[in-house]
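Q: Structure file protein-v5.pdb, PDB, C-alpha atoms, is pasted below:
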ATOM      1  CA  VAL A1314      10.768  -6.409 -18.349
ATOM      2  CA  LEU A1315      14.451  -6.755 -17.482
ATOM      3  CA  GLU A1316      15.099  -9.447 -20.081
ATOM      4  CA  ARG A1317      13.179  -7.864 -22.961
ATOM      5  CA  SER A1318      13.893  -4.164 -22.525
ATOM      6  CA  VAL A1319      17.601  -4.150 -21.654
ATOM      7  CA  LYS A1320      20.389  -5.645 -23.746
ATOM      8  CA  ASP A1321      23.857  -6.499 -22.513
ATOM      9  CA  GLY A1322      25.953  -3.367 -22.283
ATOM     10  CA  GLU A1323      22.965  -1.035 -21.871
ATOM     11  CA  GLY A1324      21.859   0.843 -18.770
ATOM     12  CA  TYR A1325      18.699  -0.087 -16.899
ATOM     13  CA  GLN A1326      16.961   3.175 -17.802
ATOM     14  CA  ARG A1327      15.097   1.299 -20.538
ATOM     15  CA  ALA A1328      13.667  -1.052 -17.904
ATOM     16  CA  ARG A1329      12.180   1.944 -16.104
ATOM     17  CA  GLN A1330      10.666   3.219 -19.354
ATOM     18  CA  ALA A1331       9.161  -0.190 -20.153
ATOM     19  CA  PHE A1332       7.830  -0.641 -16.629
ATOM     20  CA  GLY A1333       6.324   2.851 -16.721
ATOM     21  CA  MET A1334       4.561   2.161 -20.017
ATOM     22  CA  LEU A1335       3.020  -1.081 -18.733
ATOM     23  CA  PHE A1336       2.134   0.518 -15.403
ATOM     24  CA  SER A1337       0.388   3.462 -17.083
ATOM     25  CA  GLU A1338      -1.522   1.248 -19.504
ATOM     26  CA  TYR A1339      -2.744  -0.982 -16.671
ATOM     27  CA  TRP A1340      -4.176   1.949 -14.737
ATOM     28  CA  ARG A1341      -5.518   3.664 -17.843
ATOM     29  CA  SER A1342      -7.511   0.504 -18.559
ATOM     30  CA  ALA A1343      -8.780   0.510 -14.973
ATOM     31  CA  SER A1344     -10.003   4.084 -15.415
ATOM     32  CA  PHE A1345     -12.140   2.899 -18.347
ATOM     33  CA  ALA A1346     -13.803   0.310 -16.114
ATOM     34  CA  ALA A1347     -14.451   3.013 -13.506
ATOM     35  CA  ARG A1348     -16.648   4.843 -16.027
ATOM     36  CA  PHE A1349     -19.267   2.065 -16.022
ATOM     37  CA  PRO A1350     -20.750   2.688 -12.538
ATOM     38  CA  GLY A1351     -23.161   5.561 -12.995
ATOM     39  CA  GLY A1352     -22.473   5.457 -16.713
ATOM     40  CA  VAL A1353     -24.881   6.715 -19.376
ATOM     41  CA  LEU A1354     -24.849   5.688 -23.038
ATOM     42  CA  VAL A1355     -25.495   8.618 -25.404
ATOM     43  CA  HIS A1356     -27.149   7.950 -28.780
ATOM     44  CA  ARG A1357     -27.771  10.373 -31.639
ATOM     45  CA  ASP A1358     -30.540   8.454 -33.380
ATOM     46  CA  HIS A1359     -33.401  10.423 -34.950
ATOM     47  CA  LYS A1360     -37.092   9.841 -34.458
ATOM     48  CA  GLY A1361     -38.288   7.397 -37.132
ATOM     49  CA  ASP A1362     -34.882   5.720 -37.562
ATOM     50  CA  LYS A1363     -34.980   1.967 -37.932
ATOM     51  CA  ASN A1364     -34.208   0.391 -34.539
ATOM     52  CA  GLY A1365     -33.948   3.893 -33.140
ATOM     53  CA  ARG A1366     -32.636   4.240 -29.611
ATOM     54  CA  PRO A1367     -33.403   6.883 -26.975
ATOM     55  CA  PRO A1368     -30.870   9.711 -26.605
ATOM     56  CA  PHE A1369     -29.826   8.394 -23.194
ATOM     57  CA  GLU A1370     -29.600   4.867 -21.854
ATOM     58  CA  ILE A1371     -28.379   3.774 -18.413
ATOM     59  CA  VAL A1372     -25.518   1.274 -18.533
ATOM     60  CA  ASP A1373     -26.855  -2.193 -17.779
ATOM     61  CA  ALA A1374     -26.798  -3.007 -14.048
ATOM     62  CA  LYS A1375     -24.897  -6.261 -14.657
ATOM     63  CA  GLN A1376     -22.166  -4.360 -16.499
ATOM     64  CA  GLN A1377     -21.876  -1.835 -13.679
ATOM     65  CA  ARG A1378     -21.515  -4.634 -11.131
ATOM     66  CA  ALA A1379     -19.015  -6.454 -13.342
ATOM     67  CA  ALA A1380     -16.916  -3.288 -13.556
ATOM     68  CA  MET A1381     -16.943  -2.908  -9.765
ATOM     69  CA  LYS A1382     -15.997  -6.563  -9.341
ATOM     70  CA  LEU A1383     -13.083  -6.054 -11.729
ATOM     71  CA  LEU A1384     -11.913  -2.952  -9.852
ATOM     72  CA  SER A1385     -12.310  -4.728  -6.512
ATOM     73  CA  GLY A1386      -9.983  -7.515  -7.597
ATOM     74  CA  THR A1387      -7.377  -5.281  -9.216
ATOM     75  CA  VAL A1388      -7.348  -1.598  -8.235
ATOM     76  CA  PHE A1389      -8.487  -2.261  -4.662
ATOM     77  CA  GLY A1390      -6.281  -5.295  -4.163
ATOM     78  CA  THR A1391      -2.644  -5.508  -3.069
ATOM     79  CA  PRO A1392      -0.452  -5.375  -6.188
ATOM     80  CA  LYS A1393       2.503  -7.707  -6.424
ATOM     81  CA  TYR A1394       5.811  -6.314  -7.654
ATOM     82  CA  ASP A1395       9.064  -8.237  -7.887
ATOM     83  CA  ALA A1396      11.669  -6.683  -5.598
ATOM     84  CA  LYS A1397      14.371  -7.449  -8.161
ATOM     85  CA  VAL A1398      12.520  -5.517 -10.850
ATOM     86  CA  LEU A1399      11.897  -2.513  -8.577
ATOM     87  CA  ASN A1400      15.602  -2.355  -7.726
ATOM     88  CA  HIS A1401      16.539  -2.260 -11.421
ATOM     89  CA  LEU A1402      14.331   0.680 -12.455
ATOM     90  CA  ALA A1403      17.133   3.176 -12.904
ATOM     91  CA  ALA A1404      16.393   6.846 -13.636
ATOM     92  CA  THR A1405      17.961   8.553 -16.595
ATOM     93  CA  ARG A1406      20.615  11.128 -15.728
ATOM     94  CA  TRP A1407      20.034  13.169 -18.889
ATOM     95  CA  SER A1408      18.851  16.711 -18.235
ATOM     96  CA  HIS A1409      17.469  18.646 -21.212
ATOM     97  CA  TRP A1410      14.233  20.056 -22.600
ATOM     98  CA  GLY A1411      11.465  17.464 -22.526
ATOM     99  CA  MET A1412      13.063  15.410 -19.749
ATOM    100  CA  ARG A1413      11.893  15.954 -16.188
ATOM    101  CA  SER A1414      14.383  15.691 -13.357
ATOM    102  CA  TYR A1415      13.684  13.156 -10.620
ATOM    103  CA  THR A1416      13.482  14.126  -6.971
ATOM    104  CA  ARG A1417      14.263  10.468  -6.214
ATOM    105  CA  LEU A1418      16.466   8.285  -8.359
ATOM    106  CA  ASP A1419      14.905   5.067  -7.046
ATOM    107  CA  TYR A1420      11.333   4.149  -8.024
ATOM    108  CA  SER A1421       8.740   5.416  -5.504
ATOM    109  CA  ILE A1422       6.248   2.610  -6.058
ATOM    110  CA  HIS A1423       3.900   3.565  -3.205
ATOM    111  CA  ASP A1424       3.529   7.120  -4.496
ATOM    112  CA  TYR A1425       2.730   5.964  -8.023
ATOM    113  CA  VAL A1426       0.204   3.338  -6.943
ATOM    114  CA  SER A1427      -1.483   5.761  -4.523
ATOM    115  CA  MET A1428      -1.738   8.393  -7.245
ATOM    116  CA  MET A1429      -3.474   5.952  -9.581
ATOM    117  CA  GLN A1430      -5.739   4.503  -6.895
ATOM    118  CA  SER A1431      -6.742   8.009  -5.875
ATOM    119  CA  MET A1432      -7.729   8.757  -9.459
ATOM    120  CA  ILE A1433     -10.039   5.720  -9.582
ATOM    121  CA  VAL A1434     -11.578   6.269  -6.123
ATOM    122  CA  SER A1435     -12.185   9.943  -6.875
ATOM    123  CA  GLN A1436     -13.930   8.984 -10.109
ATOM    124  CA  LEU A1437     -16.169   6.448  -8.352
ATOM    125  CA  LEU A1438     -17.092   8.957  -5.622
ATOM    126  CA  ASP A1439     -17.326  12.014  -7.848
ATOM    127  CA  SER A1440     -20.489  14.049  -7.262
ATOM    128  CA  LEU A1441     -21.455  13.635 -10.928
ATOM    129  CA  THR A1442     -21.166   9.840 -10.688
ATOM    130  CA  LEU A1443     -23.200   9.749  -7.484
ATOM    131  CA  SER A1444     -25.875  12.056  -8.909
ATOM    132  CA  ARG A1445     -26.215   9.927 -12.038
ATOM    133  CA  LEU A1446     -26.549   6.806  -9.919
ATOM    134  CA  GLN A1447     -29.366   8.371  -7.931
ATOM    135  CA  ASP A1448     -31.116   9.718 -11.043
ATOM    136  CA  GLY A1449     -30.629   6.374 -12.769
ATOM    137  CA  GLU A1450     -32.935   4.708 -10.268
ATOM    138  CA  LEU A1451     -35.816   6.678 -11.812
ATOM    139  CA  LYS A1452     -34.695   6.096 -15.382
ATOM    140  CA  VAL A1453     -34.944   2.318 -15.182
ATOM    141  CA  PRO A1454     -38.376   0.605 -15.229
ATOM    142  CA  ASP A1455     -39.646  -0.501 -11.808
ATOM    143  CA  ASN A1456     -39.538  -4.174 -12.791
ATOM    144  CA  ALA A1457     -35.975  -3.975 -14.168
ATOM    145  CA  ASP A1458     -32.678  -4.579 -12.365
ATOM    146  CA  CYS A1459     -30.948  -1.400 -11.228
ATOM    147  CA  TYR A1460     -27.528  -0.621  -9.790
ATOM    148  CA  THR A1461     -28.374   1.864  -7.057
ATOM    149  CA  LEU A1462     -26.472   4.580  -5.240
ATOM    150  CA  ALA A1463     -26.804   2.612  -1.998
ATOM    151  CA  GLU A1464     -25.388  -0.546  -3.592
ATOM    152  CA  HIS A1465     -22.528   1.450  -5.099
ATOM    153  CA  LEU A1466     -21.360   2.948  -1.804
ATOM    154  CA  ARG A1467     -21.767  -0.352   0.033
ATOM    155  CA  THR A1468     -19.736  -2.144  -2.654
ATOM    156  CA  ILE A1469     -16.919   0.377  -2.298
ATOM    157  CA  VAL A1470     -16.830   0.089   1.497
ATOM    158  CA  GLU A1471     -16.977  -3.706   1.543
ATOM    159  CA  SER A1472     -14.263  -3.954  -1.134
ATOM    160  CA  ILE A1473     -11.821  -1.470   0.375
ATOM    161  CA  PHE A1474     -12.347  -2.106   4.096
ATOM    162  CA  THR A1475     -12.533  -5.902   3.924
ATOM    163  CA  GLU A1476     -10.076  -6.267   6.826
ATOM    164  CA  CYS A1477     -12.457  -4.346   9.113
ATOM    165  CA  LYS A1478     -15.595  -6.320   8.315
ATOM    166  CA  GLY A1479     -15.210  -8.808  11.128
ATOM    167  CA  VAL A1480     -14.027 -11.624   8.857
ATOM    168  CA  GLU A1481     -11.618 -12.976  11.410
ATOM    169  CA  LYS A1482      -8.135 -13.943  10.359
ATOM    170  CA  PRO A1483      -6.806 -14.919  13.795
ATOM    171  CA  GLY A1484      -3.118 -15.178  14.226
ATOM    172  CA  GLN A1485      -0.010 -13.129  14.865
ATOM    173  CA  TYR A1486       1.072 -10.554  12.320
ATOM    174  CA  THR A1487       4.425  -8.845  12.001
ATOM    175  CA  ASN A1488       5.686  -5.613  10.498
ATOM    176  CA  ARG A1489       7.086  -7.638   7.617
ATOM    177  CA  LYS A1490       3.817  -9.505   7.144
ATOM    178  CA  PRO A1491       1.179  -7.042   8.331
ATOM    179  CA  TYR A1492      -2.534  -7.669   8.757
ATOM    180  CA  ILE A1493      -3.273  -4.766   6.375
ATOM    181  CA  SER A1494      -0.749  -4.250   3.583
ATOM    182  CA  SER A1495       0.863  -0.869   2.940
ATOM    183  CA  PHE A1496      -1.049  -0.454  -0.345
ATOM    184  CA  ARG A1497      -4.353  -1.209   1.342
ATOM    185  CA  ARG A1498      -3.585   1.191   4.193
ATOM    186  CA  ASN A1499      -2.994   3.994   1.713
ATOM    187  CA  LEU A1500      -6.169   3.077  -0.183
ATOM    188  CA  GLN A1501      -8.257   3.073   2.995
ATOM    189  CA  ARG A1502      -6.890   6.461   4.069
ATOM    190  CA  MET A1503      -7.775   8.136   0.780
ATOM    191  CA  THR A1504     -11.228   6.550   0.800
ATOM    192  CA  LEU A1505     -11.853   7.824   4.329
ATOM    193  CA  LYS A1506     -10.900  11.313   3.163
ATOM    194  CA  ASN A1507     -13.421  11.075   0.321
ATOM    195  CA  PHE A1508     -16.166   9.840   2.644
ATOM    196  CA  ALA A1509     -15.302  12.574   5.142
ATOM    197  CA  GLY A1510     -15.711  15.130   2.373
ATOM    198  CA  LEU A1511     -19.113  13.710   1.522
ATOM    199  CA  VAL A1512     -20.289  13.925   5.134
ATOM    200  CA  THR A1513     -18.929  17.354   6.034
ATOM    201  CA  SER A1514     -19.390  19.297   2.817
ATOM    202  CA  GLY A1515     -21.016  17.115   0.174
ATOM    203  CA  TYR A1516     -19.167  18.609  -2.809
ATOM    204  CA  GLY A1517     -22.460  18.849  -4.729
ATOM    205  CA  ALA A1518     -23.294  15.159  -4.215
ATOM    206  CA  PRO A1519     -26.856  14.042  -3.402
ATOM    207  CA  GLU A1520     -27.912  14.311   0.236
ATOM    208  CA  ASP A1521     -28.585  10.570   0.191
ATOM    209  CA  ALA A1522     -24.901  10.028  -0.556
ATOM    210  CA  ARG A1523     -23.997  12.104   2.500
ATOM    211  CA  THR A1524     -26.301  10.179   4.836
ATOM    212  CA  LEU A1525     -25.163   6.824   3.435
ATOM    213  CA  ALA A1526     -21.518   7.823   3.862
ATOM    214  CA  ARG A1527     -22.211   8.775   7.493
ATOM    215  CA  MET A1528     -23.907   5.417   8.080
ATOM    216  CA  HIS A1529     -20.943   3.492   6.666
ATOM    217  CA  LEU A1530     -18.433   5.525   8.704
ATOM    218  CA  SER A1531     -20.413   4.771  11.854
ATOM    219  CA  THR A1532     -20.400   1.054  11.012
ATOM    220  CA  LEU A1533     -16.653   1.146  10.316
ATOM    221  CA  ASP A1534     -16.080   2.804  13.688
ATOM    222  CA  ASP A1535     -17.824  -0.112  15.425
ATOM    223  CA  GLN A1536     -16.004  -2.708  13.322
ATOM    224  CA  ILE A1537     -12.584  -1.205  14.035
ATOM    225  CA  ALA A1538     -13.331  -1.086  17.768
ATOM    226  CA  ALA A1539     -14.262  -4.774  17.723
ATOM    227  CA  LEU A1540     -11.163  -5.625  15.710
ATOM    228  CA  LEU A1541      -8.831  -3.823  18.100
ATOM    229  CA  ALA A1542     -10.464  -5.595  21.054
ATOM    230  CA  ASN A1543     -10.106  -9.052  19.499
ATOM    231  CA  LYS A1544      -7.715 -11.002  21.738
ATOM    232  CA  LYS A1545      -7.208 -13.706  19.106
ATOM    233  CA  LEU A1546      -5.707 -11.208  16.685
ATOM    234  CA  LYS A1547      -2.142 -10.072  17.334
ATOM    235  CA  LEU A1548      -1.766  -7.026  15.143
ATOM    236  CA  ASP A1549       1.475  -5.637  13.786
ATOM    237  CA  ASP A1550       2.452  -2.047  14.609
ATOM    238  CA  TYR A1551       1.544  -0.739  11.151
ATOM    239  CA  SER A1552      -1.976  -2.176  11.157
ATOM    240  CA  ARG A1553      -2.739  -1.232  14.760
ATOM    241  CA  ALA A1554      -1.533   2.344  14.250
ATOM    242  CA  HIS A1555      -3.512   2.573  11.011
ATOM    243  CA  LEU A1556      -6.712   1.303  12.642
ATOM    244  CA  LEU A1557      -6.354   3.638  15.625
ATOM    245  CA  ASP A1558      -5.737   6.591  13.322
ATOM    246  CA  SER A1559      -8.668   5.629  11.074
ATOM    247  CA  GLN A1560     -10.944   5.314  14.088
ATOM    248  CA  LYS A1561      -9.897   8.771  15.304
ATOM    249  CA  ARG A1562     -10.513  10.313  11.882
ATOM    250  CA  ILE A1563     -13.936   8.707  11.618
ATOM    251  CA  GLN A1564     -14.954   9.932  15.064
ATOM    252  CA  GLN A1565     -13.811  13.460  14.229
ATOM    253  CA  VAL A1566     -15.992  13.449  11.113
ATOM    254  CA  LEU A1567     -19.023  12.016  12.904
ATOM    255  CA  ASN A1568     -18.667  14.560  15.729
ATOM    256  CA  ALA A1569     -17.763  17.507  13.514
ATOM    257  CA  GLN A1570     -19.334  20.833  14.483
ATOM    258  CA  LEU A1571     -19.713  24.084  12.574
ATOM    259  CA  GLU A1572     -19.218  27.385  14.392
ATOM    260  CA  LEU A1573     -20.604  30.621  12.947
TER     261      LEU A1573
END
Could the structure of this file be written out as structure tokens, please?

A:
Amino acid sequence: VLERSVKDGEGYQRARQAFGMLFSEYWRSASFAARFPGGVLVHRDHKGDKNGRPPFEIVDAKQQRAAMKLLSGTVFGTPKYDAKVLNHLAATRWSHWGMRSYTRLDYSIHDYVSMMQSMIVSQLLDSLTLSRLQDGELKVPDNADCYTLAEHLRTIVESIFTECKGVEKPGQYTNRKPYISSFRRNLQRMTLKNFAGLVTSGYGAPEDARTLARMHLSTLDDQIAALLANKKLKLDDYSRAHLLDSQKRIQQVLNAQLEL
């Protein structure tokens, strides 16, 4: 980016523009993949057409799983950004119609990544997506492979909360090299908020989604407790604080009461 977008004698504002274009295109492509889980193909064939197709067709289960695998390895992973590049993404100082002013001149990489991750997670846990997944189980023949609502929610939990699963990575972690990276901590927080919303209000999602979300939160609570009690694992301050906070949030959701 720095070599191709900025010539000698020019400011580094062009590097920020180029980085922003690549960044946006990356996440826009990810949002396309997020449409496959719970996806429905719509055809406008007429009765009697040669090789006519039904008006609606559930996206193949293998494609839905492939999309989730792609998202798990990219959107849900820890992105790698070169510190040198991030420190060269200068903001333009021009102020006129069509140019927005920056509240920060430096590049707030965590905010941008969190915003994009939130968009993908919200799409995967949207009530419409979850309803289509549940309905899709009846729209696929009994002897055919099907990507279910239960598999979808389990895939999300196992992909995003990998560090809590009990896959031990014994050792001593530091604030510079934490057990759970800053990007993953942000991702886990936003996912917990979405699951909390499913449990406490539902947002129009199927009741099965609510009960499954409660089950996974209960399992996460147990996993976090075991992780914090593991004497072989010396956690950094960031990860320990994050796990304690996550555990507290989960317990509040599971013990939530409604007063009338």

Q: Find the residues near Val1398 (chain A): any atom within 10 Å, counting all atoms listed in the file, skip ones fewer than 2 places away on the same chain, and give them as a ChimeraX atom specification.

A: /A:1314-1315,1328-1329,1332,1394-1396,1400-1402

Q: Deliver the residues from the most recent selection as a file, using C-alpha atoms, as an mmCIF file, in the coordinates of the input.

A:
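Below is the file out_23.cif, written as the result:
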data_model
loop_
_atom_site.group_PDB
_atom_site.id
_atom_site.type_symbol
_atom_site.label_atom_id
_atom_site.label_comp_id
_atom_site.auth_asym_id
_atom_site.auth_seq_id
_atom_site.Cartn_x
_atom_site.Cartn_y
_atom_site.Cartn_z
ATOM 1 C CA VAL A 1314 10.768 -6.409 -18.349
ATOM 2 C CA LEU A 1315 14.451 -6.755 -17.482
ATOM 3 C CA ALA A 1328 13.667 -1.052 -17.904
ATOM 4 C CA ARG A 1329 12.180 1.944 -16.104
ATOM 5 C CA PHE A 1332 7.830 -0.641 -16.629
ATOM 6 C CA TYR A 1394 5.811 -6.314 -7.654
ATOM 7 C CA ASP A 1395 9.064 -8.237 -7.887
ATOM 8 C CA ALA A 1396 11.669 -6.683 -5.598
ATOM 9 C CA ASN A 1400 15.602 -2.355 -7.726
ATOM 10 C CA HIS A 1401 16.539 -2.260 -11.421
ATOM 11 C CA LEU A 1402 14.331 0.680 -12.455
#

Q: Could you list the residues chosen by the PyMOL selection byres ((chain A and resi 1381) around 12) in this structure as an MDAnalysis selection string?

A: chainID A and resid 1343:1351 1374:1380 1382:1389 1433:1434 1437 1460 1464:1473

Q: Next, the residues of the selection above should be written as a CSV table (one decimal), in the coordinates of the input with C-alpha atoms.

A:
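Now in selection23.csv:
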chain,number,residue,atom,x,y,z
A,1343,ALA,CA,-8.8,0.5,-15.0
A,1344,SER,CA,-10.0,4.1,-15.4
A,1345,PHE,CA,-12.1,2.9,-18.3
A,1346,ALA,CA,-13.8,0.3,-16.1
A,1347,ALA,CA,-14.5,3.0,-13.5
A,1348,ARG,CA,-16.6,4.8,-16.0
A,1349,PHE,CA,-19.3,2.1,-16.0
A,1350,PRO,CA,-20.8,2.7,-12.5
A,1351,GLY,CA,-23.2,5.6,-13.0
A,1374,ALA,CA,-26.8,-3.0,-14.0
A,1375,LYS,CA,-24.9,-6.3,-14.7
A,1376,GLN,CA,-22.2,-4.4,-16.5
A,1377,GLN,CA,-21.9,-1.8,-13.7
A,1378,ARG,CA,-21.5,-4.6,-11.1
A,1379,ALA,CA,-19.0,-6.5,-13.3
A,1380,ALA,CA,-16.9,-3.3,-13.6
A,1382,LYS,CA,-16.0,-6.6,-9.3
A,1383,LEU,CA,-13.1,-6.1,-11.7
A,1384,LEU,CA,-11.9,-3.0,-9.9
A,1385,SER,CA,-12.3,-4.7,-6.5
A,1386,GLY,CA,-10.0,-7.5,-7.6
A,1387,THR,CA,-7.4,-5.3,-9.2
A,1388,VAL,CA,-7.3,-1.6,-8.2
A,1389,PHE,CA,-8.5,-2.3,-4.7
A,1433,ILE,CA,-10.0,5.7,-9.6
A,1434,VAL,CA,-11.6,6.3,-6.1
A,1437,LEU,CA,-16.2,6.4,-8.4
A,1460,TYR,CA,-27.5,-0.6,-9.8
A,1464,GLU,CA,-25.4,-0.5,-3.6
A,1465,HIS,CA,-22.5,1.4,-5.1
A,1466,LEU,CA,-21.4,2.9,-1.8
A,1467,ARG,CA,-21.8,-0.4,0.0
A,1468,THR,CA,-19.7,-2.1,-2.7
A,1469,ILE,CA,-16.9,0.4,-2.3
A,1470,VAL,CA,-16.8,0.1,1.5
A,1471,GLU,CA,-17.0,-3.7,1.5
A,1472,SER,CA,-14.3,-4.0,-1.1
A,1473,ILE,CA,-11.8,-1.5,0.4

Q: Mind listing as a ChimeraX atom specification all residues within 9 Å of (-29.1, 6.6, -8.6), counting only C-alpha atoms?

A: /A:1351,1442-1452,1459-1463

Q: What is the CA of Gly1324 (chain A) to CA of Ala1403 (chain A) distance in Å?

A: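 Between CA of Gly1324 (chain A) and CA of Ala1403 (chain A) the gap works out to 7.9 Å.
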
Q: Given the choices A:Leu1438, A:His1359, A:Pro1483, A:Asp1321, which gets closest to Leu1546 (chain A) if the distance is worked out from only C-alpha atoms?

A: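 Of A:Leu1438, A:His1359, A:Pro1483, A:Asp1321, the one nearest Leu1546 (chain A) is A:Pro1483, counting only C-alpha atoms.
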
Q: When the PyMOL selection byres ((chain A and resi 1426) around 10) is applied to the file above, which residues end up in the set, as an NGL selection string?

A: :A and (1336 or 1340 or 1388 or 1392 or 1421-1425 or 1427-1432 or 1496 or 1499-1500)

Q: I would like the residues chosen by the PyMOL selection byres ((chain A and resi 1492) around 9) on the shown file; could you give them as a list in words?

A: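 What the PyMOL selection byres ((chain A and resi 1492) around 9) grabs from the file is Glu1476, Lys1482, Gln1485, Tyr1486, Thr1487, Asn1488, Lys1490, Pro1491, Ile1493, Ser1494, Lys1547, Leu1548, Asp1549, Tyr1551, Ser1552 and Arg1553 of chain A.
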
Q: As lines of an AutoDock Vina configuration file, what would the box around region 1350-1353 of chain A look like: edges along x, y and z, 3 Å added on every side, centre and edge lengths in Å to one decimal?

A:
center_x = -22.8
center_y = 4.7
center_z = -16.0
size_x = 10.1
size_y = 10.0
size_z = 12.8

Q: For CA of Ala1526 (chain A) and CA of Phe1508 (chain A), quote the distance in Å rounded to one decimal.

A: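 Straight-line distance from CA of Ala1526 (chain A) to CA of Phe1508 (chain A) works out to 5.8 Å.
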